[in-house]
$ cat data_28.pdb   # PDB, N, CA, C and O atoms
ATOM      1  N   MET A1017       0.823  -1.186   0.000
ATOM      2  CA  MET A1017       0.000   0.000   0.000
ATOM      3  C   MET A1017       0.869   1.252   0.000
ATOM      4  O   MET A1017       0.542   2.234  -0.654
ATOM      5  N   GLU A1018       1.945   1.210   0.756
ATOM      6  CA  GLU A1018       2.885   2.330   0.817
ATOM      7  C   GLU A1018       3.438   2.628  -0.575
ATOM      8  O   GLU A1018       3.570   3.784  -0.972
ATOM      9  N   GLU A1019       3.731   1.582  -1.325
ATOM     10  CA  GLU A1019       4.241   1.738  -2.688
ATOM     11  C   GLU A1019       3.189   2.361  -3.599
ATOM     12  O   GLU A1019       3.504   3.204  -4.453
ATOM     13  N   LEU A1020       1.940   1.985  -3.430
ATOM     14  CA  LEU A1020       0.842   2.542  -4.219
ATOM     15  C   LEU A1020       0.755   4.056  -4.028
ATOM     16  O   LEU A1020       0.649   4.807  -4.997
ATOM     17  N   VAL A1021       0.808   4.507  -2.789
ATOM     18  CA  VAL A1021       0.760   5.945  -2.496
ATOM     19  C   VAL A1021       1.947   6.651  -3.147
ATOM     20  O   VAL A1021       1.798   7.711  -3.753
ATOM     21  N   GLY A1022       3.121   6.055  -3.053
ATOM     22  CA  GLY A1022       4.325   6.649  -3.641
ATOM     23  C   GLY A1022       4.257   6.760  -5.152
ATOM     24  O   GLY A1022       4.616   7.795  -5.729
ATOM     25  N   VAL A1023       3.775   5.726  -5.805
ATOM     26  CA  VAL A1023       3.680   5.732  -7.274
ATOM     27  C   VAL A1023       2.704   6.795  -7.760
ATOM     28  O   VAL A1023       2.993   7.542  -8.706
ATOM     29  N   ILE A1024       1.567   6.891  -7.109
ATOM     30  CA  ILE A1024       0.576   7.894  -7.503
ATOM     31  C   ILE A1024       1.125   9.296  -7.282
ATOM     32  O   ILE A1024       1.003  10.166  -8.141
ATOM     33  N   ALA A1025       1.753   9.520  -6.130
ATOM     34  CA  ALA A1025       2.297  10.852  -5.820
ATOM     35  C   ALA A1025       3.403  11.242  -6.781
ATOM     36  O   ALA A1025       3.471  12.396  -7.236
ATOM     37  N   LYS A1026       4.286  10.307  -7.125
ATOM     38  CA  LYS A1026       5.390  10.618  -8.040
ATOM     39  C   LYS A1026       4.886  11.001  -9.415
ATOM     40  O   LYS A1026       5.516  11.788 -10.118
ATOM     41  N   ALA A1027       3.754  10.473  -9.820
ATOM     42  CA  ALA A1027       3.181  10.809 -11.123
ATOM     43  C   ALA A1027       2.607  12.225 -11.135
ATOM     44  O   ALA A1027       2.460  12.820 -12.199
ATOM     45  N   LEU A1028       2.309  12.769  -9.983
ATOM     46  CA  LEU A1028       1.666  14.079  -9.893
ATOM     47  C   LEU A1028       2.635  15.252  -9.741
ATOM     48  O   LEU A1028       2.293  16.373 -10.094
ATOM     49  N   VAL A1029       3.814  15.014  -9.205
ATOM     50  CA  VAL A1029       4.699  16.106  -8.784
ATOM     51  C   VAL A1029       5.804  16.414  -9.798
ATOM     52  O   VAL A1029       6.079  15.627 -10.692
ATOM     53  N   ASP A1030       6.457  17.576  -9.596
ATOM     54  CA  ASP A1030       7.599  17.974 -10.430
ATOM     55  C   ASP A1030       8.919  17.459  -9.860
ATOM     56  O   ASP A1030       9.920  17.412 -10.556
ATOM     57  N   HIS A1031       8.942  17.131  -8.569
ATOM     58  CA  HIS A1031      10.155  16.649  -7.905
ATOM     59  C   HIS A1031       9.911  15.243  -7.347
ATOM     60  O   HIS A1031       9.806  15.057  -6.135
ATOM     61  N   PRO A1032       9.821  14.225  -8.226
ATOM     62  CA  PRO A1032       9.495  12.870  -7.741
ATOM     63  C   PRO A1032      10.564  12.266  -6.836
ATOM     64  O   PRO A1032      10.265  11.379  -6.043
ATOM     65  N   GLU A1033      11.782  12.762  -6.934
ATOM     66  CA  GLU A1033      12.853  12.225  -6.091
ATOM     67  C   GLU A1033      12.675  12.608  -4.623
ATOM     68  O   GLU A1033      13.279  12.006  -3.745
ATOM     69  N   GLU A1034      11.834  13.596  -4.346
ATOM     70  CA  GLU A1034      11.617  14.038  -2.967
ATOM     71  C   GLU A1034      10.319  13.494  -2.362
ATOM     72  O   GLU A1034       9.905  13.937  -1.299
ATOM     73  N   VAL A1035       9.687  12.550  -3.032
ATOM     74  CA  VAL A1035       8.464  11.925  -2.501
ATOM     75  C   VAL A1035       8.874  10.801  -1.554
ATOM     76  O   VAL A1035       9.692   9.952  -1.893
ATOM     77  N   ALA A1036       8.309  10.844  -0.353
ATOM     78  CA  ALA A1036       8.584   9.798   0.632
ATOM     79  C   ALA A1036       7.275   9.429   1.329
ATOM     80  O   ALA A1036       6.441  10.289   1.590
ATOM     81  N   VAL A1037       7.121   8.142   1.595
ATOM     82  CA  VAL A1037       5.917   7.664   2.283
ATOM     83  C   VAL A1037       6.353   6.897   3.521
ATOM     84  O   VAL A1037       7.196   6.008   3.454
ATOM     85  N   LYS A1038       5.773   7.272   4.652
ATOM     86  CA  LYS A1038       6.090   6.622   5.923
ATOM     87  C   LYS A1038       4.797   6.043   6.485
ATOM     88  O   LYS A1038       3.751   6.682   6.433
ATOM     89  N   THR A1039       4.859   4.838   7.005
ATOM     90  CA  THR A1039       3.683   4.185   7.572
ATOM     91  C   THR A1039       3.704   4.277   9.092
ATOM     92  O   THR A1039       4.702   3.941   9.717
ATOM     93  N   VAL A1040       2.604   4.759   9.656
ATOM     94  CA  VAL A1040       2.457   4.834  11.105
ATOM     95  C   VAL A1040       1.227   4.012  11.471
ATOM     96  O   VAL A1040       0.132   4.287  10.998
ATOM     97  N   GLU A1041       1.432   2.994  12.321
ATOM     98  CA  GLU A1041       0.318   2.139  12.732
ATOM     99  C   GLU A1041      -0.103   2.451  14.156
ATOM    100  O   GLU A1041       0.730   2.556  15.045
ATOM    101  N   LYS A1042      -1.391   2.617  14.341
ATOM    102  CA  LYS A1042      -1.977   2.792  15.663
ATOM    103  C   LYS A1042      -3.005   1.683  15.820
ATOM    104  O   LYS A1042      -3.156   0.865  14.926
ATOM    105  N   ASP A1043      -3.745   1.642  16.898
ATOM    106  CA  ASP A1043      -4.661   0.545  17.205
ATOM    107  C   ASP A1043      -5.377  -0.030  15.978
ATOM    108  O   ASP A1043      -5.019  -1.069  15.474
ATOM    109  N   HIS A1044      -6.399   0.633  15.498
ATOM    110  CA  HIS A1044      -7.145   0.155  14.326
ATOM    111  C   HIS A1044      -7.030   1.149  13.184
ATOM    112  O   HIS A1044      -7.965   1.327  12.405
ATOM    113  N   LEU A1045      -5.865   1.807  13.088
ATOM    114  CA  LEU A1045      -5.661   2.838  12.082
ATOM    115  C   LEU A1045      -4.256   2.749  11.515
ATOM    116  O   LEU A1045      -3.289   2.612  12.259
ATOM    117  N   ILE A1046      -4.162   2.816  10.195
ATOM    118  CA  ILE A1046      -2.871   2.900   9.525
ATOM    119  C   ILE A1046      -2.836   4.248   8.823
ATOM    120  O   ILE A1046      -3.727   4.561   8.030
ATOM    121  N   VAL A1047      -1.810   5.047   9.124
ATOM    122  CA  VAL A1047      -1.657   6.366   8.516
ATOM    123  C   VAL A1047      -0.442   6.335   7.604
ATOM    124  O   VAL A1047       0.656   5.977   8.030
ATOM    125  N   TYR A1048      -0.657   6.698   6.342
ATOM    126  CA  TYR A1048       0.453   6.831   5.398
ATOM    127  C   TYR A1048       0.789   8.304   5.312
ATOM    128  O   TYR A1048      -0.023   9.107   4.851
ATOM    129  N   GLU A1049       1.971   8.680   5.799
ATOM    130  CA  GLU A1049       2.397  10.076   5.792
ATOM    131  C   GLU A1049       3.168  10.328   4.502
ATOM    132  O   GLU A1049       4.277   9.825   4.317
ATOM    133  N   LEU A1050       2.590  11.131   3.629
ATOM    134  CA  LEU A1050       3.170  11.443   2.329
ATOM    135  C   LEU A1050       3.910  12.763   2.438
ATOM    136  O   LEU A1050       3.315  13.790   2.746
ATOM    137  N   THR A1051       5.215  12.741   2.202
ATOM    138  CA  THR A1051       6.040  13.936   2.245
ATOM    139  C   THR A1051       6.476  14.274   0.827
ATOM    140  O   THR A1051       6.987  13.409   0.113
ATOM    141  N   VAL A1052       6.237  15.532   0.432
ATOM    142  CA  VAL A1052       6.623  15.991  -0.904
ATOM    143  C   VAL A1052       7.368  17.322  -0.788
ATOM    144  O   VAL A1052       7.361  17.961   0.261
ATOM    145  N   HIS A1053       7.992  17.732  -1.882
ATOM    146  CA  HIS A1053       8.676  19.027  -1.959
ATOM    147  C   HIS A1053       7.639  20.128  -1.705
ATOM    148  O   HIS A1053       6.501  20.013  -2.179
ATOM    149  N   PRO A1054       8.012  21.193  -0.993
ATOM    150  CA  PRO A1054       7.041  22.262  -0.691
ATOM    151  C   PRO A1054       6.341  22.846  -1.920
ATOM    152  O   PRO A1054       5.175  23.240  -1.842
ATOM    153  N   GLU A1055       7.007  22.892  -3.059
ATOM    154  CA  GLU A1055       6.388  23.413  -4.283
ATOM    155  C   GLU A1055       5.322  22.474  -4.840
ATOM    156  O   GLU A1055       4.477  22.892  -5.622
ATOM    157  N   ASP A1056       5.378  21.208  -4.456
ATOM    158  CA  ASP A1056       4.467  20.199  -5.007
ATOM    159  C   ASP A1056       3.244  19.930  -4.141
ATOM    160  O   ASP A1056       2.378  19.148  -4.528
ATOM    161  N   VAL A1057       3.157  20.561  -2.986
ATOM    162  CA  VAL A1057       2.039  20.293  -2.081
ATOM    163  C   VAL A1057       0.703  20.603  -2.752
ATOM    164  O   VAL A1057      -0.245  19.822  -2.672
ATOM    165  N   GLY A1058       0.627  21.717  -3.459
ATOM    166  CA  GLY A1058      -0.613  22.101  -4.140
ATOM    167  C   GLY A1058      -1.018  21.107  -5.208
ATOM    168  O   GLY A1058      -2.212  20.861  -5.421
ATOM    169  N   LYS A1059      -0.046  20.510  -5.879
ATOM    170  CA  LYS A1059      -0.357  19.532  -6.926
ATOM    171  C   LYS A1059      -0.911  18.245  -6.340
ATOM    172  O   LYS A1059      -1.748  17.588  -6.950
ATOM    173  N   VAL A1060      -0.433  17.876  -5.168
ATOM    174  CA  VAL A1060      -0.903  16.644  -4.530
ATOM    175  C   VAL A1060      -2.275  16.867  -3.892
ATOM    176  O   VAL A1060      -3.111  15.965  -3.884
ATOM    177  N   ILE A1061      -2.521  18.071  -3.388
ATOM    178  CA  ILE A1061      -3.819  18.365  -2.777
ATOM    179  C   ILE A1061      -4.865  18.644  -3.851
ATOM    180  O   ILE A1061      -5.985  18.164  -3.768
ATOM    181  N   GLY A1062      -4.522  19.411  -4.869
ATOM    182  CA  GLY A1062      -5.449  19.708  -5.954
ATOM    183  C   GLY A1062      -6.445  20.797  -5.584
ATOM    184  O   GLY A1062      -6.518  21.242  -4.447
ATOM    185  N   LYS A1063      -7.205  21.225  -6.575
ATOM    186  CA  LYS A1063      -8.207  22.264  -6.349
ATOM    187  C   LYS A1063      -9.278  21.734  -5.405
ATOM    188  O   LYS A1063      -9.864  20.680  -5.649
ATOM    189  N   GLN A1064      -9.517  22.485  -4.357
ATOM    190  CA  GLN A1064     -10.506  22.144  -3.333
ATOM    191  C   GLN A1064     -10.271  20.749  -2.746
ATOM    192  O   GLN A1064     -11.198  20.084  -2.291
ATOM    193  N   GLY A1065      -9.032  20.266  -2.783
ATOM    194  CA  GLY A1065      -8.687  18.979  -2.183
ATOM    195  C   GLY A1065      -9.143  17.764  -2.956
ATOM    196  O   GLY A1065      -9.175  16.659  -2.430
ATOM    197  N   ARG A1066      -9.474  17.959  -4.227
ATOM    198  CA  ARG A1066     -10.022  16.836  -5.009
ATOM    199  C   ARG A1066      -9.022  15.711  -5.226
ATOM    200  O   ARG A1066      -9.386  14.532  -5.150
ATOM    201  N   ILE A1067      -7.770  16.045  -5.522
ATOM    202  CA  ILE A1067      -6.774  14.995  -5.770
ATOM    203  C   ILE A1067      -6.464  14.260  -4.474
ATOM    204  O   ILE A1067      -6.359  13.022  -4.455
ATOM    205  N   ALA A1068      -6.338  14.992  -3.370
ATOM    206  CA  ALA A1068      -6.094  14.354  -2.072
ATOM    207  C   ALA A1068      -7.240  13.417  -1.710
ATOM    208  O   ALA A1068      -7.027  12.300  -1.229
ATOM    209  N   LYS A1069      -8.458  13.859  -1.954
ATOM    210  CA  LYS A1069      -9.626  13.021  -1.658
ATOM    211  C   LYS A1069      -9.621  11.764  -2.524
ATOM    212  O   LYS A1069      -9.910  10.666  -2.045
ATOM    213  N   ALA A1070      -9.279  11.911  -3.802
ATOM    214  CA  ALA A1070      -9.225  10.758  -4.702
ATOM    215  C   ALA A1070      -8.138   9.778  -4.271
ATOM    216  O   ALA A1070      -8.341   8.557  -4.298
ATOM    217  N   LEU A1071      -6.989  10.306  -3.853
ATOM    218  CA  LEU A1071      -5.897   9.456  -3.373
ATOM    219  C   LEU A1071      -6.340   8.680  -2.138
ATOM    220  O   LEU A1071      -6.111   7.476  -2.041
ATOM    221  N   ARG A1072      -7.010   9.362  -1.219
ATOM    222  CA  ARG A1072      -7.505   8.682  -0.016
ATOM    223  C   ARG A1072      -8.547   7.620  -0.363
ATOM    224  O   ARG A1072      -8.593   6.557   0.245
ATOM    225  N   THR A1073      -9.384   7.901  -1.359
ATOM    226  CA  THR A1073     -10.406   6.941  -1.782
ATOM    227  C   THR A1073      -9.765   5.685  -2.365
ATOM    228  O   THR A1073     -10.179   4.562  -2.061
ATOM    229  N   VAL A1074      -8.741   5.866  -3.190
ATOM    230  CA  VAL A1074      -8.045   4.719  -3.787
ATOM    231  C   VAL A1074      -7.393   3.866  -2.698
ATOM    232  O   VAL A1074      -7.509   2.640  -2.709
ATOM    233  N   VAL A1075      -6.730   4.514  -1.762
ATOM    234  CA  VAL A1075      -6.059   3.774  -0.690
ATOM    235  C   VAL A1075      -7.077   3.054   0.188
ATOM    236  O   VAL A1075      -6.893   1.902   0.560
ATOM    237  N   THR A1076      -8.171   3.709   0.507
ATOM    238  CA  THR A1076      -9.217   3.086   1.325
ATOM    239  C   THR A1076      -9.821   1.888   0.603
ATOM    240  O   THR A1076     -10.067   0.844   1.204
ATOM    241  N   SER A1077     -10.044   2.030  -0.693
ATOM    242  CA  SER A1077     -10.609   0.929  -1.478
ATOM    243  C   SER A1077      -9.653  -0.247  -1.564
ATOM    244  O   SER A1077     -10.066  -1.405  -1.510
ATOM    245  N   ALA A1078      -8.372   0.044  -1.692
ATOM    246  CA  ALA A1078      -7.382  -1.031  -1.776
ATOM    247  C   ALA A1078      -7.214  -1.738  -0.436
ATOM    248  O   ALA A1078      -6.764  -2.885  -0.387
ATOM    249  N   ALA A1079      -7.581  -1.079   0.658
ATOM    250  CA  ALA A1079      -7.394  -1.655   1.991
ATOM    251  C   ALA A1079      -8.659  -2.301   2.547
ATOM    252  O   ALA A1079      -8.730  -2.593   3.732
ATOM    253  N   VAL A1080      -9.631  -2.547   1.704
ATOM    254  CA  VAL A1080     -10.903  -3.110   2.169
ATOM    255  C   VAL A1080     -10.710  -4.446   2.880
ATOM    256  O   VAL A1080     -11.372  -4.725   3.876
ATOM    257  N   LYS A1081      -9.796  -5.252   2.424
ATOM    258  CA  LYS A1081      -9.606  -6.573   3.011
ATOM    259  C   LYS A1081      -8.900  -6.523   4.369
ATOM    260  O   LYS A1081      -8.930  -7.494   5.107
ATOM    261  N   MET A1082      -8.257  -5.386   4.674
ATOM    262  CA  MET A1082      -7.609  -5.235   5.983
ATOM    263  C   MET A1082      -8.698  -5.010   7.032
ATOM    264  O   MET A1082      -9.802  -4.594   6.722
ATOM    265  N   ASP A1083      -8.363  -5.263   8.255
ATOM    266  CA  ASP A1083      -9.326  -5.073   9.337
ATOM    267  C   ASP A1083      -9.082  -3.740  10.045
ATOM    268  O   ASP A1083      -9.416  -3.588  11.214
ATOM    269  N   LYS A1084      -8.457  -2.791   9.337
ATOM    270  CA  LYS A1084      -8.110  -1.507   9.927
ATOM    271  C   LYS A1084      -8.543  -0.361   9.027
ATOM    272  O   LYS A1084      -8.713  -0.536   7.830
ATOM    273  N   ARG A1085      -8.716   0.819   9.629
ATOM    274  CA  ARG A1085      -8.979   2.032   8.848
ATOM    275  C   ARG A1085      -7.657   2.522   8.284
ATOM    276  O   ARG A1085      -6.612   2.373   8.898
ATOM    277  N   VAL A1086      -7.713   3.122   7.105
ATOM    278  CA  VAL A1086      -6.506   3.608   6.446
ATOM    279  C   VAL A1086      -6.730   5.042   6.019
ATOM    280  O   VAL A1086      -7.822   5.379   5.525
ATOM    281  N   THR A1087      -5.718   5.894   6.199
ATOM    282  CA  THR A1087      -5.809   7.276   5.746
ATOM    283  C   THR A1087      -4.453   7.744   5.237
ATOM    284  O   THR A1087      -3.426   7.115   5.512
ATOM    285  N   VAL A1088      -4.464   8.864   4.509
ATOM    286  CA  VAL A1088      -3.237   9.446   3.973
ATOM    287  C   VAL A1088      -3.147  10.881   4.483
ATOM    288  O   VAL A1088      -4.088  11.655   4.351
ATOM    289  N   ASP A1089      -2.002  11.219   5.080
ATOM    290  CA  ASP A1089      -1.729  12.587   5.503
ATOM    291  C   ASP A1089      -0.653  13.163   4.595
ATOM    292  O   ASP A1089       0.359  12.505   4.328
ATOM    293  N   ILE A1090      -0.853  14.391   4.130
ATOM    294  CA  ILE A1090       0.104  15.033   3.242
ATOM    295  C   ILE A1090       0.922  16.027   4.055
ATOM    296  O   ILE A1090       0.365  16.930   4.682
ATOM    297  N   ILE A1091       2.235  15.856   4.013
ATOM    298  CA  ILE A1091       3.157  16.692   4.779
ATOM    299  C   ILE A1091       4.139  17.345   3.801
ATOM    300  O   ILE A1091       4.670  16.685   2.921
ATOM    301  N   SER A1092       4.361  18.646   3.973
ATOM    302  CA  SER A1092       5.315  19.313   3.063
ATOM    303  C   SER A1092       6.710  19.250   3.609
ATOM    304  O   SER A1092       6.953  19.045   4.746
TER
END
$ encode --input "data_28.pdb" --output "structure tokens"
Amino acid sequence: MEELVGVIAKALVDHPEEVAVKTVEKDHLIVYELTVHPEDVGKVIGKQGRIAKALRTVVTSAAVKMDKRVTVDIIS
């Protein structure tokens, strides 16, 4: 799943070499922390957060078989 987030993010940004994904696990929650170059934050979030929402939807859909909630946090 971490790789999925990274591949999608690298396709969106101008500085793909600075994309990093870190996984943080809590009780029934997995958080994928997506770090991108400060200039690329707007591209990953998109207008009115549409791209970020779509990314979260894809990750949530891919994690249906897991018994945990999954989310993506975008960090500059």
$ resolve_selection --input "data_28.pdb" --expression "the PyMOL selection byres ((chain A and resi 1045) around 7)" --output "PDB file with N, CA, C and O atoms, keeping the file's coordinate frame"
ATOM      1  N   VAL A1040       2.604   4.759   9.656  1.00  0.00           N
ATOM      2  CA  VAL A1040       2.457   4.834  11.105  1.00  0.00           C
ATOM      3  C   VAL A1040       1.227   4.012  11.471  1.00  0.00           C
ATOM      4  O   VAL A1040       0.132   4.287  10.998  1.00  0.00           O
ATOM      5  N   GLU A1041       1.432   2.994  12.321  1.00  0.00           N
ATOM      6  CA  GLU A1041       0.318   2.139  12.732  1.00  0.00           C
ATOM      7  C   GLU A1041      -0.103   2.451  14.156  1.00  0.00           C
ATOM      8  O   GLU A1041       0.730   2.556  15.045  1.00  0.00           O
ATOM      9  N   LYS A1042      -1.391   2.617  14.341  1.00  0.00           N
ATOM     10  CA  LYS A1042      -1.977   2.792  15.663  1.00  0.00           C
ATOM     11  C   LYS A1042      -3.005   1.683  15.820  1.00  0.00           C
ATOM     12  O   LYS A1042      -3.156   0.865  14.926  1.00  0.00           O
ATOM     13  N   ASP A1043      -3.745   1.642  16.898  1.00  0.00           N
ATOM     14  CA  ASP A1043      -4.661   0.545  17.205  1.00  0.00           C
ATOM     15  C   ASP A1043      -5.377  -0.030  15.978  1.00  0.00           C
ATOM     16  O   ASP A1043      -5.019  -1.069  15.474  1.00  0.00           O
ATOM     17  N   HIS A1044      -6.399   0.633  15.498  1.00  0.00           N
ATOM     18  CA  HIS A1044      -7.145   0.155  14.326  1.00  0.00           C
ATOM     19  C   HIS A1044      -7.030   1.149  13.184  1.00  0.00           C
ATOM     20  O   HIS A1044      -7.965   1.327  12.405  1.00  0.00           O
ATOM     21  N   ILE A1046      -4.162   2.816  10.195  1.00  0.00           N
ATOM     22  CA  ILE A1046      -2.871   2.900   9.525  1.00  0.00           C
ATOM     23  C   ILE A1046      -2.836   4.248   8.823  1.00  0.00           C
ATOM     24  O   ILE A1046      -3.727   4.561   8.030  1.00  0.00           O
ATOM     25  N   VAL A1047      -1.810   5.047   9.124  1.00  0.00           N
ATOM     26  CA  VAL A1047      -1.657   6.366   8.516  1.00  0.00           C
ATOM     27  C   VAL A1047      -0.442   6.335   7.604  1.00  0.00           C
ATOM     28  O   VAL A1047       0.656   5.977   8.030  1.00  0.00           O
ATOM     29  N   ASP A1083      -8.363  -5.263   8.255  1.00  0.00           N
ATOM     30  CA  ASP A1083      -9.326  -5.073   9.337  1.00  0.00           C
ATOM     31  C   ASP A1083      -9.082  -3.740  10.045  1.00  0.00           C
ATOM     32  O   ASP A1083      -9.416  -3.588  11.214  1.00  0.00           O
ATOM     33  N   LYS A1084      -8.457  -2.791   9.337  1.00  0.00           N
ATOM     34  CA  LYS A1084      -8.110  -1.507   9.927  1.00  0.00           C
ATOM     35  C   LYS A1084      -8.543  -0.361   9.027  1.00  0.00           C
ATOM     36  O   LYS A1084      -8.713  -0.536   7.830  1.00  0.00           O
ATOM     37  N   ARG A1085      -8.716   0.819   9.629  1.00  0.00           N
ATOM     38  CA  ARG A1085      -8.979   2.032   8.848  1.00  0.00           C
ATOM     39  C   ARG A1085      -7.657   2.522   8.284  1.00  0.00           C
ATOM     40  O   ARG A1085      -6.612   2.373   8.898  1.00  0.00           O
ATOM     41  N   VAL A1086      -7.713   3.122   7.105  1.00  0.00           N
ATOM     42  CA  VAL A1086      -6.506   3.608   6.446  1.00  0.00           C
ATOM     43  C   VAL A1086      -6.730   5.042   6.019  1.00  0.00           C
ATOM     44  O   VAL A1086      -7.822   5.379   5.525  1.00  0.00           O
ATOM     45  N   THR A1087      -5.718   5.894   6.199  1.00  0.00           N
ATOM     46  CA  THR A1087      -5.809   7.276   5.746  1.00  0.00           C
ATOM     47  C   THR A1087      -4.453   7.744   5.237  1.00  0.00           C
ATOM     48  O   THR A1087      -3.426   7.115   5.512  1.00  0.00           O
TER      49      THR A1087
END
$ closest_residue --input "data_28.pdb" --among "A:Lys1069, A:Lys1038, A:Lys1081, A:His1031" --to "His1053 of chain A" --atoms "only N, CA, C and O atoms"
A:His1031
$ closest_residue --input "data_28.pdb" --among "A:Val1029, A:Val1080, A:Val1035, A:Leu1071" --to "Glu1055 of chain A" --atoms "only C-alpha atoms"
A:Val1029
$ select_by_dssp --input "data_28.pdb" --residues "chain A" --states "alpha helix (DSSP H)" --output "ChimeraX atom specification"
/A:1018-1028,1057-1061,1066-1078
$ closest_residue --input "data_28.pdb" --among "A:Arg1072, A:Glu1019, A:Thr1051, A:Lys1063" --to "Ser1092 of chain A" --atoms "all atoms listed in the file"
A:Thr1051
$ resolve_selection --input "data_28.pdb" --expression "the PyMOL selection byres ((chain A and resi 1017) around 8)" --output "ChimeraX atom specification"
/A:1018-1023,1048,1075,1078-1079
$ resolve_selection --input "data_28.pdb" --expression "the PyMOL selection byres (((chain A and resi 1059 and name CA) around 12) and name CA)" --output "JSON, numbers by chain"
{"A": [1024, 1025, 1026, 1027, 1028, 1029, 1030, 1031, 1032, 1052, 1053, 1054, 1055, 1056, 1057, 1058, 1060, 1061, 1062, 1063, 1064, 1065, 1066, 1067, 1068, 1090, 1092]}
$ atom_distance --input "data_28.pdb" --atom1 "atom N of Glu1034 of chain A" --atom2 "atom N of Asp1089 of chain A"
16.9 Å
$ select_by_dssp --input "data_28.pdb" --residues "chain A" --states "strand (DSSP E or B)" --output "PyMOL selection string"
chain A and resi 1036-1042+1045-1051+1085-1091
$ atom_distance --input "data_28.pdb" --atom1 "atom N of Ala1036 of chain A" --atom2 "atom O of Met1082 of chain A"
24.8 Å
$ atom_distance --input "data_28.pdb" --atom1 "atom O of Glu1033 of chain A" --atom2 "atom CA of Thr1076 of chain A"
24.7 Å
$ build_atoms --input "data_28.pdb" --residues "segment 1049-1054 of chain A" --atoms "all heavy atoms" --output "mmCIF file, in the coordinates of the input"
data_model
loop_
_atom_site.group_PDB
_atom_site.id
_atom_site.type_symbol
_atom_site.label_atom_id
_atom_site.label_comp_id
_atom_site.auth_asym_id
_atom_site.auth_seq_id
_atom_site.Cartn_x
_atom_site.Cartn_y
_atom_site.Cartn_z
ATOM 1 N N GLU A 1049 1.971 8.680 5.799
ATOM 2 C CA GLU A 1049 2.397 10.076 5.792
ATOM 3 C C GLU A 1049 3.168 10.328 4.502
ATOM 4 O O GLU A 1049 4.277 9.825 4.317
ATOM 5 C CB GLU A 1049 3.249 10.384 7.014
ATOM 6 C CG GLU A 1049 2.481 10.298 8.314
ATOM 7 C CD GLU A 1049 3.328 10.602 9.535
ATOM 8 O OE1 GLU A 1049 4.567 10.660 9.419
ATOM 9 O OE2 GLU A 1049 2.737 10.775 10.617
ATOM 10 N N LEU A 1050 2.590 11.131 3.629
ATOM 11 C CA LEU A 1050 3.170 11.443 2.329
ATOM 12 C C LEU A 1050 3.910 12.763 2.438
ATOM 13 O O LEU A 1050 3.315 13.790 2.746
ATOM 14 C CB LEU A 1050 2.069 11.533 1.269
ATOM 15 C CG LEU A 1050 2.475 11.973 -0.130
ATOM 16 C CD1 LEU A 1050 3.486 11.001 -0.732
ATOM 17 C CD2 LEU A 1050 1.256 12.095 -1.010
ATOM 18 N N THR A 1051 5.215 12.741 2.202
ATOM 19 C CA THR A 1051 6.040 13.936 2.245
ATOM 20 C C THR A 1051 6.476 14.274 0.827
ATOM 21 O O THR A 1051 6.987 13.409 0.113
ATOM 22 C CB THR A 1051 7.288 13.701 3.123
ATOM 23 O OG1 THR A 1051 6.857 13.223 4.397
ATOM 24 C CG2 THR A 1051 8.069 14.990 3.313
ATOM 25 N N VAL A 1052 6.237 15.532 0.432
ATOM 26 C CA VAL A 1052 6.623 15.991 -0.904
ATOM 27 C C VAL A 1052 7.368 17.322 -0.788
ATOM 28 O O VAL A 1052 7.361 17.961 0.261
ATOM 29 C CB VAL A 1052 5.388 16.162 -1.830
ATOM 30 C CG1 VAL A 1052 4.699 14.840 -2.068
ATOM 31 C CG2 VAL A 1052 4.415 17.169 -1.271
ATOM 32 N N HIS A 1053 7.992 17.732 -1.882
ATOM 33 C CA HIS A 1053 8.676 19.027 -1.959
ATOM 34 C C HIS A 1053 7.639 20.128 -1.705
ATOM 35 O O HIS A 1053 6.501 20.013 -2.179
ATOM 36 C CB HIS A 1053 9.304 19.176 -3.346
ATOM 37 C CG HIS A 1053 10.215 20.346 -3.463
ATOM 38 N ND1 HIS A 1053 9.750 21.600 -3.749
ATOM 39 C CD2 HIS A 1053 11.559 20.448 -3.323
ATOM 40 C CE1 HIS A 1053 10.762 22.442 -3.797
ATOM 41 N NE2 HIS A 1053 11.884 21.762 -3.535
ATOM 42 N N PRO A 1054 8.012 21.193 -0.993
ATOM 43 C CA PRO A 1054 7.041 22.262 -0.691
ATOM 44 C C PRO A 1054 6.341 22.846 -1.920
ATOM 45 O O PRO A 1054 5.175 23.240 -1.842
ATOM 46 C CB PRO A 1054 7.888 23.319 0.012
ATOM 47 C CG PRO A 1054 9.014 22.546 0.628
ATOM 48 C CD PRO A 1054 9.284 21.415 -0.327
#
